[in-house]
Structure formats: structure tokens, C-alpha cells
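**Student:** My structure is in final_27.csv, and what it holds is CSV, C-alpha atoms:
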```csv
chain,number,residue,atom,x,y,z
B,10,MET,CA,-9.5,-18.0,12.6
B,11,LEU,CA,-6.0,-17.6,11.0
B,12,SER,CA,-3.2,-16.9,13.4
B,13,GLY,CA,-2.0,-13.4,13.2
B,14,SER,CA,-4.0,-12.9,10.0
B,15,GLY,CA,-7.3,-11.3,10.9
B,16,ASP,CA,-10.3,-11.7,13.1
B,17,ALA,CA,-13.9,-12.8,12.9
B,18,GLN,CA,-15.1,-9.3,12.2
B,19,GLU,CA,-13.0,-9.1,9.0
B,20,TRP,CA,-14.2,-12.5,7.8
B,21,GLU,CA,-17.8,-11.6,8.4
B,22,GLU,CA,-17.5,-8.4,6.4
B,23,VAL,CA,-16.0,-10.3,3.5
B,24,ALA,CA,-18.8,-12.9,3.8
B,25,ALA,CA,-21.3,-10.1,3.7
B,26,TRP,CA,-19.8,-9.0,0.4
B,27,ARG,CA,-20.1,-12.5,-0.8
B,28,ARG,CA,-23.8,-12.8,0.2
B,29,HIS,CA,-24.5,-9.4,-1.4
B,30,LEU,CA,-23.1,-10.7,-4.7
B,31,HIS,CA,-24.9,-14.0,-4.3
B,32,GLU,CA,-28.2,-12.2,-4.1
B,33,ARG,CA,-27.5,-10.3,-7.4
B,34,PRO,CA,-26.2,-12.9,-9.9
B,35,GLU,CA,-25.5,-11.7,-13.5
B,36,LEU,CA,-24.8,-13.8,-16.5
B,37,GLN,CA,-21.8,-13.9,-18.8
B,38,TYR,CA,-20.8,-10.3,-19.9
B,39,ASP,CA,-23.9,-8.7,-18.4
B,40,THR,CA,-22.1,-8.2,-15.1
B,41,HIS,CA,-22.5,-4.5,-14.9
B,42,GLU,CA,-23.8,-4.3,-11.3
B,43,THR,CA,-21.3,-6.9,-10.1
B,44,ALA,CA,-18.4,-5.0,-11.8
B,45,ALA,CA,-19.6,-1.7,-10.3
B,46,PHE,CA,-19.6,-3.3,-6.8
B,47,VAL,CA,-16.1,-4.8,-7.3
B,48,ALA,CA,-14.7,-1.5,-8.6
B,49,ALA,CA,-16.2,0.5,-5.8
B,50,ARG,CA,-14.6,-1.7,-3.2
B,51,LEU,CA,-11.2,-1.6,-4.9
B,52,ALA,CA,-11.3,2.1,-5.0
B,53,GLU,CA,-12.2,2.3,-1.3
B,54,PHE,CA,-9.1,0.1,-0.6
B,55,GLY,CA,-6.8,2.8,-2.2
B,56,CYS,CA,-5.6,0.7,-5.1
B,57,ASP,CA,-3.3,2.8,-7.4
B,58,SER,CA,-5.6,2.3,-10.3
B,59,VAL,CA,-9.0,0.7,-11.0
B,60,GLU,CA,-10.0,0.2,-14.6
B,61,THR,CA,-13.3,-1.1,-15.9
B,62,GLY,CA,-14.7,-2.2,-19.2
B,63,ILE,CA,-11.8,-4.5,-20.0
B,64,GLY,CA,-13.0,-7.4,-22.1
B,65,ARG,CA,-16.4,-5.6,-22.1
B,66,THR,CA,-17.2,-5.8,-18.4
B,67,GLY,CA,-13.9,-6.9,-16.7
B,68,VAL,CA,-12.3,-5.0,-13.8
B,69,VAL,CA,-8.5,-4.7,-13.1
B,70,ALA,CA,-7.0,-3.0,-10.1
B,71,VAL,CA,-3.3,-2.4,-9.6
B,72,VAL,CA,-1.4,-2.1,-6.3
B,73,GLU,CA,2.2,-1.0,-6.3
B,74,GLY,CA,4.5,-2.4,-3.6
B,75,ARG,CA,6.4,0.0,-1.4
B,76,ARG,CA,9.7,-2.0,-1.7
B,77,GLY,CA,10.4,-0.8,-5.2
B,78,THR,CA,10.1,-2.2,-8.7
B,79,GLY,CA,9.7,-5.8,-9.6
B,80,ARG,CA,7.5,-8.3,-11.4
B,81,THR,CA,3.8,-7.9,-12.1
B,82,VAL,CA,1.7,-10.9,-11.0
B,83,ALA,CA,-2.0,-11.2,-11.7
B,84,LEU,CA,-4.5,-12.8,-9.4
B,85,ARG,CA,-7.8,-13.6,-11.1
B,86,ALA,CA,-11.4,-14.2,-9.9
B,87,ASP,CA,-14.4,-14.9,-12.1
B,88,MET,CA,-17.7,-12.8,-11.8
B,89,ASP,CA,-20.5,-14.4,-13.7
B,90,ALA,CA,-23.3,-16.7,-12.5
B,91,LEU,CA,-25.3,-19.4,-14.2
B,92,PRO,CA,-28.9,-19.7,-15.7
B,93,ILE,CA,-30.1,-22.0,-12.9
B,94,GLU,CA,-33.1,-21.6,-10.6
B,95,GLU,CA,-31.8,-21.5,-7.0
B,96,GLU,CA,-33.2,-24.1,-4.6
B,97,THR,CA,-31.2,-23.3,-1.4
B,98,GLY,CA,-33.9,-21.5,0.5
B,99,LEU,CA,-31.2,-19.4,2.1
B,100,ALA,CA,-31.8,-15.8,3.4
B,101,HIS,CA,-29.2,-14.6,0.8
B,102,ALA,CA,-30.6,-16.6,-2.1
B,103,SER,CA,-30.8,-15.1,-5.6
B,104,ARG,CA,-33.2,-12.3,-6.1
B,105,HIS,CA,-33.3,-12.9,-9.8
B,106,PRO,CA,-35.4,-15.9,-11.0
B,107,GLY,CA,-33.5,-18.3,-13.2
B,108,ARG,CA,-30.1,-17.0,-12.2
B,109,MET,CA,-27.8,-18.1,-9.4
B,110,HIS,CA,-24.2,-18.2,-8.3
B,111,ALA,CA,-24.1,-22.0,-8.6
B,112,CYS,CA,-20.3,-22.2,-9.1
B,113,GLY,CA,-19.0,-20.1,-6.3
B,114,HIS,CA,-17.8,-17.1,-8.3
B,115,ASP,CA,-19.4,-14.9,-5.6
B,116,GLY,CA,-16.9,-16.5,-3.1
B,117,HIS,CA,-14.0,-16.1,-5.5
B,118,MET,CA,-14.7,-12.4,-5.9
B,119,ALA,CA,-15.1,-11.9,-2.1
B,120,MET,CA,-11.9,-13.6,-1.3
B,121,LEU,CA,-9.9,-11.7,-3.9
B,122,LEU,CA,-11.4,-8.4,-2.7
B,123,GLY,CA,-10.4,-9.4,0.9
B,124,ALA,CA,-6.9,-10.0,-0.3
B,125,ALA,CA,-6.8,-6.8,-2.3
B,126,ARG,CA,-7.7,-4.8,0.8
B,127,ARG,CA,-5.0,-6.4,2.9
B,128,LEU,CA,-2.3,-6.1,0.2
B,129,ALA,CA,-3.3,-2.5,-0.6
B,130,ARG,CA,-2.9,-1.6,3.1
B,131,ALA,CA,0.4,-3.4,3.7
B,132,ARG,CA,2.2,-3.0,0.3
B,133,ASP,CA,5.0,-5.0,1.8
B,134,PHE,CA,6.4,-6.3,-1.5
B,135,ALA,CA,8.5,-5.3,-4.5
B,136,GLY,CA,6.6,-5.0,-7.8
B,137,ARG,CA,2.9,-4.9,-8.7
B,138,ILE,CA,-0.2,-6.9,-8.2
B,139,ALA,CA,-3.0,-6.9,-10.8
B,140,PHE,CA,-6.3,-8.0,-9.4
B,141,VAL,CA,-8.3,-9.3,-12.3
B,142,PHE,CA,-12.0,-9.7,-12.1
B,143,GLN,CA,-13.2,-11.5,-15.2
B,144,PRO,CA,-16.7,-11.8,-16.7
B,145,ALA,CA,-18.1,-14.7,-18.8
B,146,GLU,CA,-16.2,-17.7,-17.5
B,147,GLU,CA,-19.3,-19.8,-17.9
B,148,GLY,CA,-19.1,-20.4,-21.6
B,149,GLY,CA,-18.4,-16.9,-22.8
B,150,ALA,CA,-14.6,-17.0,-22.9
B,151,GLY,CA,-14.3,-13.8,-20.8
B,152,ALA,CA,-10.6,-14.5,-20.2
B,153,LYS,CA,-9.9,-14.5,-23.9
B,154,ALA,CA,-11.9,-11.3,-24.3
B,155,MET,CA,-9.8,-9.6,-21.6
B,156,LEU,CA,-6.6,-10.8,-23.2
B,157,ASP,CA,-7.8,-9.6,-26.6
B,158,ASP,CA,-8.4,-6.2,-25.0
B,159,GLY,CA,-4.7,-6.0,-24.2
B,160,LEU,CA,-4.8,-7.3,-20.6
B,161,VAL,CA,-1.2,-8.5,-20.6
B,162,PRO,CA,0.7,-5.6,-22.3
B,163,ARG,CA,-1.6,-3.0,-20.7
B,164,PHE,CA,-0.7,-4.0,-17.2
B,165,GLY,CA,2.7,-5.7,-17.9
B,166,ILE,CA,1.5,-9.0,-16.5
B,167,GLU,CA,4.2,-11.7,-16.2
B,168,GLU,CA,2.4,-14.4,-14.3
B,169,PHE,CA,-1.2,-15.5,-13.8
B,170,TYR,CA,-2.7,-17.3,-10.8
B,171,GLY,CA,-6.2,-18.6,-10.3
B,172,MET,CA,-8.3,-20.4,-7.8
B,173,HIS,CA,-11.6,-22.3,-7.7
B,174,ASN,CA,-13.6,-23.8,-4.9
B,175,MET,CA,-14.1,-27.5,-4.8
B,176,PRO,CA,-17.0,-29.3,-3.2
B,177,GLY,CA,-15.8,-32.6,-1.5
B,178,LEU,CA,-12.4,-31.2,-0.6
B,179,GLU,CA,-12.4,-30.3,3.1
B,180,VAL,CA,-12.6,-26.7,4.0
B,181,GLY,CA,-9.1,-25.3,4.3
B,182,GLY,CA,-7.6,-27.9,2.0
B,183,PHE,CA,-5.9,-27.1,-1.3
B,184,ALA,CA,-5.1,-29.1,-4.4
B,185,THR,CA,-3.1,-28.6,-7.5
B,186,CYS,CA,-0.8,-30.4,-9.9
B,187,PRO,CA,1.9,-29.7,-12.5
B,188,GLY,CA,0.8,-29.8,-16.1
B,189,PRO,CA,-2.9,-30.3,-17.2
B,190,ILE,CA,-5.3,-29.7,-14.3
B,191,MET,CA,-8.6,-29.3,-16.3
B,192,ALA,CA,-9.6,-30.4,-19.8
B,193,SER,CA,-10.3,-28.7,-23.1
B,194,THR,CA,-14.1,-28.3,-23.8
B,195,ASP,CA,-14.7,-28.8,-27.5
B,196,GLU,CA,-18.3,-29.1,-28.8
B,197,PHE,CA,-19.6,-30.8,-31.9
B,198,SER,CA,-22.8,-30.9,-33.9
B,199,VAL,CA,-23.8,-33.3,-36.6
B,200,THR,CA,-26.6,-32.9,-39.0
B,201,ILE,CA,-27.6,-36.1,-40.8
B,202,ARG,CA,-29.7,-35.7,-43.9
B,203,GLY,CA,-31.6,-38.7,-45.2
B,204,ARG,CA,-34.9,-38.9,-47.1
B,205,GLY,CA,-38.1,-38.6,-45.3
B,206,GLY,CA,-41.1,-40.8,-45.8
B,207,HIS,CA,-44.0,-42.8,-44.3
B,208,ALA,CA,-42.9,-44.8,-41.3
B,209,ALA,CA,-44.9,-47.8,-42.6
B,210,ILE,CA,-42.9,-48.0,-45.8
B,211,PRO,CA,-39.3,-47.4,-44.6
B,212,GLN,CA,-37.8,-49.0,-47.7
B,213,LEU,CA,-38.6,-45.8,-49.6
B,214,ALA,CA,-36.9,-43.6,-47.2
B,215,ILE,CA,-33.3,-43.1,-45.9
B,216,ASP,CA,-33.8,-43.0,-42.1
B,217,PRO,CA,-31.6,-40.3,-40.4
B,218,VAL,CA,-32.8,-41.6,-36.9
B,219,LEU,CA,-31.3,-45.0,-37.6
B,220,THR,CA,-28.2,-43.4,-39.0
B,221,GLY,CA,-27.8,-41.2,-36.0
B,222,ALA,CA,-28.3,-44.1,-33.6
B,223,ALA,CA,-25.5,-46.0,-35.3
B,224,LEU,CA,-23.3,-42.9,-35.2
B,225,VAL,CA,-23.8,-42.5,-31.5
B,226,GLN,CA,-22.6,-46.0,-30.9
B,227,ALA,CA,-19.7,-45.7,-33.4
B,228,MET,CA,-18.4,-42.6,-31.7
B,229,GLN,CA,-17.8,-44.4,-28.5
B,230,GLN,CA,-15.0,-46.5,-30.2
B,231,ILE,CA,-12.9,-43.3,-30.4
B,232,VAL,CA,-12.1,-43.6,-26.7
B,233,SER,CA,-11.9,-47.4,-26.6
B,234,ARG,CA,-10.1,-48.1,-29.9
B,235,SER,CA,-8.6,-44.9,-31.4
B,236,ALA,CA,-7.1,-43.2,-28.4
B,237,ASP,CA,-4.2,-44.3,-26.3
B,238,PRO,CA,-5.7,-46.0,-23.2
B,239,LEU,CA,-3.4,-43.9,-21.1
B,240,ASP,CA,-4.6,-40.6,-22.5
B,241,ALA,CA,-7.7,-39.0,-20.9
B,242,LEU,CA,-10.5,-38.6,-23.4
B,243,VAL,CA,-14.3,-38.1,-23.1
B,244,VAL,CA,-16.6,-38.2,-26.1
B,245,SER,CA,-20.2,-37.6,-24.9
B,246,VAL,CA,-23.2,-37.3,-27.2
B,247,THR,CA,-25.6,-35.2,-25.2
B,248,LYS,CA,-28.3,-34.1,-27.7
B,249,PHE,CA,-30.3,-36.0,-30.3
B,250,HIS,CA,-33.2,-34.3,-32.0
B,251,ALA,CA,-35.3,-35.8,-34.9
B,252,GLY,CA,-38.8,-35.9,-36.1
B,253,SER,CA,-42.2,-34.7,-34.7
B,254,ALA,CA,-44.7,-37.4,-35.6
B,255,HIS,CA,-45.0,-41.1,-34.8
B,256,ASN,CA,-45.7,-42.1,-38.4
B,257,VAL,CA,-43.2,-40.0,-40.2
B,258,ILE,CA,-39.5,-40.8,-40.9
B,259,PRO,CA,-38.0,-37.3,-40.8
B,260,GLU,CA,-35.7,-35.8,-43.4
B,261,THR,CA,-33.0,-34.9,-40.9
B,262,ALA,CA,-31.6,-35.7,-37.5
B,263,GLU,CA,-29.3,-33.5,-35.4
B,264,LEU,CA,-27.0,-34.6,-32.6
B,265,GLY,CA,-24.3,-33.0,-30.6
B,266,GLY,CA,-22.1,-33.3,-27.6
B,267,THR,CA,-18.7,-32.5,-26.1
B,268,VAL,CA,-15.1,-33.7,-26.3
B,269,ARG,CA,-12.8,-33.4,-23.3
B,270,THR,CA,-9.1,-34.1,-23.4
B,271,LEU,CA,-5.9,-33.2,-21.5
B,272,GLU,CA,-3.5,-33.2,-24.5
B,273,GLU,CA,-3.5,-31.4,-27.8
B,274,ALA,CA,-2.6,-34.5,-29.8
B,275,THR,CA,-5.6,-36.3,-28.3
B,276,ARG,CA,-7.8,-33.3,-29.1
B,277,ARG,CA,-6.8,-33.4,-32.7
B,278,LEU,CA,-7.3,-37.1,-32.9
B,279,ALA,CA,-10.9,-36.9,-31.5
B,280,GLU,CA,-11.9,-34.1,-34.0
B,281,ARG,CA,-10.5,-36.1,-37.0
B,282,ARG,CA,-12.2,-39.3,-35.9
B,283,ILE,CA,-15.5,-37.7,-35.3
B,284,ARG,CA,-15.5,-36.3,-38.9
B,285,GLU,CA,-14.3,-39.6,-40.4
B,286,ILE,CA,-16.8,-41.7,-38.5
B,287,ALA,CA,-19.7,-39.4,-39.2
B,288,ALA,CA,-19.0,-39.4,-42.9
B,289,GLY,CA,-18.5,-43.2,-43.0
B,290,VAL,CA,-21.5,-44.2,-41.0
B,291,ALA,CA,-23.7,-41.8,-43.0
B,292,ALA,CA,-22.5,-43.2,-46.3
B,293,ALA,CA,-23.1,-46.8,-45.1
B,294,TYR,CA,-26.8,-45.9,-44.5
B,295,GLY,CA,-27.1,-43.9,-47.7
B,296,ALA,CA,-27.3,-40.6,-45.8
B,297,GLU,CA,-25.1,-37.5,-45.6
B,298,ALA,CA,-23.5,-36.0,-42.5
B,299,CYS,CA,-22.4,-32.4,-41.9
B,300,VAL,CA,-20.1,-31.9,-38.9
B,301,ILE,CA,-19.5,-28.6,-37.1
B,302,TYR,CA,-16.6,-28.9,-34.6
B,303,ASN,CA,-16.0,-25.9,-32.3
B,304,ARG,CA,-12.8,-25.7,-30.4
B,305,ASN,CA,-13.8,-24.2,-27.1
B,306,TYR,CA,-11.6,-23.6,-24.0
B,307,PRO,CA,-8.2,-25.1,-24.3
B,308,VAL,CA,-6.6,-27.4,-21.7
B,309,THR,CA,-5.9,-25.6,-18.4
B,310,ARG,CA,-2.2,-26.4,-18.1
B,311,ASN,CA,-0.2,-25.4,-15.0
B,312,ASP,CA,3.4,-24.4,-15.4
B,313,ALA,CA,5.2,-27.2,-13.5
B,314,ALA,CA,7.4,-24.8,-11.5
B,315,LYS,CA,4.5,-22.5,-10.7
B,316,ALA,CA,2.3,-25.4,-9.6
B,317,ARG,CA,5.1,-26.5,-7.1
B,318,PHE,CA,5.4,-22.9,-6.0
B,319,CYS,CA,1.6,-22.6,-5.4
B,320,ALA,CA,1.6,-25.9,-3.5
B,321,GLY,CA,4.3,-24.5,-1.2
B,322,VAL,CA,2.3,-21.3,-0.7
B,323,ALA,CA,-0.8,-23.4,0.2
B,324,GLU,CA,1.3,-25.3,2.8
B,325,ARG,CA,1.9,-22.1,4.6
B,326,VAL,CA,-1.8,-21.7,5.0
B,327,ALA,CA,-3.0,-25.2,5.5
B,328,GLY,CA,0.1,-27.2,6.5
B,329,GLU,CA,1.6,-30.0,4.5
B,330,ALA,CA,-1.2,-32.4,5.3
B,331,GLY,CA,-3.8,-29.9,4.0
B,332,VAL,CA,-2.3,-29.8,0.4
B,333,ASP,CA,-2.5,-32.3,-2.4
B,334,PRO,CA,0.3,-31.2,-4.8
B,335,ASN,CA,-0.5,-33.9,-7.4
B,336,VAL,CA,-4.3,-34.0,-7.6
B,337,ARG,CA,-5.8,-35.9,-10.5
B,338,PRO,CA,-6.9,-33.5,-13.3
B,339,LEU,CA,-10.6,-32.9,-13.8
B,340,MET,CA,-12.4,-33.3,-17.1
B,341,GLY,CA,-14.3,-30.1,-16.5
B,342,GLY,CA,-13.1,-26.9,-18.3
B,343,GLU,CA,-11.9,-23.4,-17.3
B,344,ASP,CA,-11.3,-20.4,-19.4
B,345,PHE,CA,-8.4,-19.4,-17.1
B,346,SER,CA,-6.6,-21.7,-19.6
B,347,TYR,CA,-6.3,-18.8,-22.0
B,348,MET,CA,-4.4,-16.8,-19.4
B,349,LEU,CA,-2.1,-19.7,-18.8
B,350,GLU,CA,-1.4,-19.9,-22.5
B,351,ALA,CA,-0.5,-16.2,-22.4
B,352,ARG,CA,1.8,-16.2,-19.4
B,353,PRO,CA,3.1,-18.9,-17.0
B,354,GLY,CA,1.2,-19.5,-13.8
B,355,ALA,CA,-1.0,-22.0,-12.0
B,356,PHE,CA,-4.5,-22.9,-10.9
B,357,VAL,CA,-5.5,-24.3,-7.5
B,358,PHE,CA,-8.5,-25.8,-5.9
B,359,LEU,CA,-9.8,-24.7,-2.5
B,360,GLY,CA,-11.9,-26.9,-0.3
B,361,ASN,CA,-15.6,-26.1,-0.1
B,362,GLY,CA,-16.5,-29.0,2.2
B,363,ALA,CA,-19.5,-31.3,1.9
B,364,SER,CA,-21.6,-28.9,-0.2
B,365,ALA,CA,-23.8,-29.7,-3.1
B,366,SER,CA,-21.8,-30.0,-6.4
B,367,LEU,CA,-20.9,-27.2,-8.7
B,368,HIS,CA,-23.7,-26.1,-11.0
B,369,HIS,CA,-26.4,-27.7,-8.7
B,370,PRO,CA,-29.5,-25.6,-7.7
B,371,ARG,CA,-28.7,-26.3,-4.0
B,372,TYR,CA,-25.1,-25.3,-4.2
B,373,ASP,CA,-23.7,-22.5,-2.0
B,374,PHE,CA,-20.2,-21.3,-1.5
B,375,ASN,CA,-19.0,-22.1,2.0
B,376,ASP,CA,-18.1,-18.9,3.9
B,377,ALA,CA,-15.8,-20.9,6.2
B,378,ALA,CA,-13.4,-21.1,3.3
B,379,ILE,CA,-13.0,-17.4,3.0
B,380,PRO,CA,-10.1,-17.0,5.5
B,381,TYR,CA,-8.1,-19.7,3.7
B,382,GLY,CA,-8.6,-18.1,0.3
B,383,ILE,CA,-7.6,-14.6,1.5
B,384,ALA,CA,-4.5,-16.0,3.3
B,385,TYR,CA,-3.5,-18.0,0.2
B,386,TRP,CA,-3.6,-14.9,-2.0
B,387,GLN,CA,-1.7,-12.9,0.6
B,388,ALA,CA,1.0,-15.5,1.0
B,389,LEU,CA,1.3,-16.0,-2.8
B,390,ALA,CA,1.8,-12.3,-3.3
B,391,ALA,CA,4.4,-12.1,-0.6
B,392,GLU,CA,6.4,-15.0,-1.9
B,393,ALA,CA,6.0,-14.2,-5.6
B,394,LEU,CA,7.2,-10.7,-5.0
B,395,GLY,CA,10.1,-11.4,-2.8
B,396,VAL,CA,8.9,-10.9,0.8
B,397,ASP,CA,9.4,-13.6,3.4
B,398,SER,CA,6.7,-13.7,6.1
B,399,ALA,CA,5.5,-16.0,8.9
B,400,PRO,CA,3.2,-18.9,8.1
B,401,LEU,CA,-0.5,-18.0,7.9
B,402,ARG,CA,-1.7,-21.2,9.5
B,403,VAL,CA,-5.1,-21.9,10.9
B,404,ALA,CA,-5.2,-21.7,14.7
```
Take the structure in the file and give it back as C-alpha cells.
**Tutor:**
Amino acid sequence: MLSGSGDAQEWEEVAAWRRHLHERPELQYDTHETAAFVAARLAEFGCDSVETGIGRTGVVAVVEGRRGTGRTVALRADMDALPIEEETGLAHASRHPGRMHACGHDGHMAMLLGAARRLARARDFAGRIAFVFQPAEEGGAGAKAMLDDGLVPRFGIEEFYGMHNMPGLEVGGFATCPGPIMASTDEFSVTIRGRGGHAAIPQLAIDPVLTGAALVQAMQQIVSRSADPLDALVVSVTKFHAGSAHNVIPETAELGGTVRTLEEATRRLAERRIREIAAGVAAAYGAEACVIYNRNYPVTRNDAAKARFCAGVAERVAGEAGVDPNVRPLMGGEDFSYMLEARPGAFVFLGNGASASLHHPRYDFNDAAIPYGIAYWQALAAEALGVDSAPLRVA
């Protein structure tokens, strides 16, 4: 329990919200039932406004402080689930086959709802808090959709803050860092066109399978020989499709994969080299290569000052020993990156303990983390909007 910050009954109620949401996972922008549940709770709390349909199915609630005007800060939680068949066997497991909250967005929503209820009751701050519940984080760029729908000017947002649970980090622990904390998530596809023929007379064909195999190998030198060894870069070929018969050399082969970087210059380098290497390898084998390169989520880059601020807030909740202010960045991606491009802010990790990994069919958000997440949001709002309060430490 958190000293002076709540009781077991409160945490259990928030956990019940979390389990309710876990049972009813929805994908990408199809979060209508989820958004309705969130909006209903926010209205019950007495928020000054609750608006739905932002970025298709996003929800934003605003709470005004009773200490006068000031800045508007946004606290964000993601809402969507994943197309994974759940294997937890829990009483609150997904009721929808092929869908589950395998990334903890159910917990993110529940914690932000718990914080919204507390802050709407107390209002002991100057300024405004925008509680942002975002759809389609899992590949749908819901953050960008909300921004494109006027999120920043519509609510006057000046700073963005986000949080994600982290398996392997102890419950009650926090981690963040200045600068890049998560990678960009670009995707590429290459279509190799050769000349099909009989597998027994390969000299009359141009083999796109052989060309593709050489291309997969050649792409690995981008990391080892083109990029600065001190720059983080991943180039992974994850798909290779060609042919349908044992005795036929196919006309085409298709491969694809992902590029992860922490710096824009490295991102540009990787794209350029993929195009150059694909063209060169294909030409060497007498084939042709067509590259489609999609820039997906950008680097999630914390404002340095805001990251230090968030680390200080987390210390009020977990103590200095419970916070890593310089965690190593992850090469996973987050569309909260779009919000950090729009306004300064920071992203933090919250410990989920020794759970299954994210995106695993046996993953479940750890309800023991709920008090820490709520206390963090409460402390962040208090400090960001000019109210000094006692530490919210775990008893």
C-alpha cells in the first residue's frame, strides 16, 4: 500500500476495471466498447469535459485545477490489444478468440483512470490536465491520428507524458533516460524479379531465390560495415517468400523486414544502403529489385530536462534506489514518439515483475503495479503544475 495515498479497496476497484478491460480486448481503431467504458468512468469522476471520437476512437478528458490558470499537461494511455490467442488460463482471460491484451494497455488505462479520479477530486493544482486515451498504438499510429485531429491546439497541450509497463523490472521500479528511449520502426519490402524456368536446367533461368539469399546476407553488412559501430542499428529480414513447386524456379521472390535505429542520420543511412545493395545484388545476378521502404514510428525521444523531471517524480514514489534515470534504450518502438515530436515530454517504464514478456500469449499485466502507476501520475501532475506535496512512498 502507498503511505497516505489510498487503500486496498481503491486498488482492488482499479484492478477490477483492468480485468474488465482485459476480458474485452479490441484491436487498433476498433476500440468502441473500450472507449465507451473509459469515457463513462471519466464522466463519473466529474471531469470538466470528456470528448470522444478524437483520432477516430480516442478519448480526452480535461480536469481544471482549483488554484487558477497555468500550463496544460497531457497524460497518455494506450487502449488497443493484439491479435494473439491468449494462453493464460486466468479467470479474467480474453472472451474474444484471437485477441488479447498482451502488452498491458489494460493496465495503462486502469492506472490513468485511477489517477484521473484522484486528480478530479482534489484539483489541488494550477492549470489543466488532459487525460489522453489513445487507440491503435499497435501498428496503427493512433497517436498521429489524434494529433492530426487537432489534439494539441484543441486542448492547448504544452507537454506530453507517457508510461509503459516493463516485464523484468521489479514491481514498483521505474526507468527512463534523456534522449532516445525507444527506436524507430521502419519496414521494407523487396520484390526480386528474375526469369522462371525448370529447376533441372537453371542455366536458362535467372533465379530470384538465389538472388534473394545473397541479398539477405549482403544486408547484414549495413550494420557491420556501413554504420558507425557506436550507433544502434538493427536490420532484420523477417519474411522470404518464393516459389510453390520443388521443380520450378519461380519468376519472383519477395522478402521484407524491419529497420530499428535511435538516430535520424542512421535511419537515413539504412534506407539508402538497403536500396543500393538491393539494386547492386540484383544486377550482379541478372535480376531486378524493387524496394518499398516505409517510415513507420519515429524514434521515441525524451526531452532531457523532462526525463530528469520524471525520474525525480518517480523517486517520490519508489525512492532513489527504485529508479533508473539512465536506462539503456530499447529497440522496440512506440507511437508516443509522435506526441514527443509535437511537444516536449518524456516516457517512462514501470516494473511489471517477473511476468511473461510483452506480446506473449501468457503475458498478463501485474495488478500489484497499479498503486505505483497511479501515485506516479498523481505526483507528476502535482509537480508539473506547481503544487508541492509529501512523498508518495510505498509503506
**Student:** Please report, as a Markdown table, each residue of segment 141-241 of chain B lying at most 12 Å from segment 313-335 of chain B, together with the nearest pair of atoms and the separation in Å rounded to one decimal; use all atoms listed in the file, and order rows by chain and ascending residue number.
**Tutor:**
```
| residue | atom | partner | partner_atom | distance |
| --- | --- | --- | --- | --- |
| B:Glu168 | CA | B:Lys315 | CA | 9.1 |
| B:Phe169 | CA | B:Lys315 | CA | 9.5 |
| B:Tyr170 | CA | B:Cys319 | CA | 8.7 |
| B:Gly171 | CA | B:Cys319 | CA | 10.0 |
| B:Met172 | CA | B:Cys319 | CA | 10.4 |
| B:Leu178 | CA | B:Gly331 | CA | 9.8 |
| B:Glu179 | CA | B:Gly331 | CA | 8.7 |
| B:Val180 | CA | B:Gly331 | CA | 9.4 |
| B:Gly181 | CA | B:Ala327 | CA | 6.2 |
| B:Gly182 | CA | B:Gly331 | CA | 4.7 |
| B:Phe183 | CA | B:Val332 | CA | 4.8 |
| B:Ala184 | CA | B:Asp333 | CA | 4.6 |
| B:Thr185 | CA | B:Pro334 | CA | 5.1 |
| B:Cys186 | CA | B:Asn335 | CA | 4.3 |
| B:Pro187 | CA | B:Ala313 | CA | 4.3 |
| B:Gly188 | CA | B:Ala313 | CA | 5.7 |
| B:Pro189 | CA | B:Ala313 | CA | 9.4 |
| B:Ile190 | CA | B:Asn335 | CA | 9.4 |
```
**Student:** Suppose you want the space between atom CA of Ala378 of chain B and atom CA of Phe46 of chain B; what is it in Å?
**Tutor:** 21.4 Å
**Student:** Of the candidates B:Glu19, B:Glu272, B:Asp157, B:Glu96, which one gets nearest to Ser193 of chain B if we count all atoms listed in the file?
**Tutor:**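 For Ser193 of chain B, the nearest of the given residues is B:Glu272.
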**Student:** In terms of the shortest atom-to-atom distance over all atoms listed in the file, which of B:Ala52, B:Ala388, B:Ile301, B:Leu121 is closest to Met88 of chain B?
**Tutor:** B:Leu121
**Student:** Could you name the residues that touch His29 of chain B at 12 Å or less, counting all atoms listed in the file, but leaving out those on the same chain fewer than 3 positions away, as a PyMOL selection string?
**Tutor:** chain B and resi 22-26+32-34+42-43+46-47+100-104+110+115-116+118-119
**Student:** Please identify all polymer residues within 6 Å of segment 240-250 of chain B, counting all atoms listed in the file, omitting same-chain residues fewer than 2 positions from it, and present them as a PyMOL selection string.
**Tutor:** chain B and resi 237-238+262-270
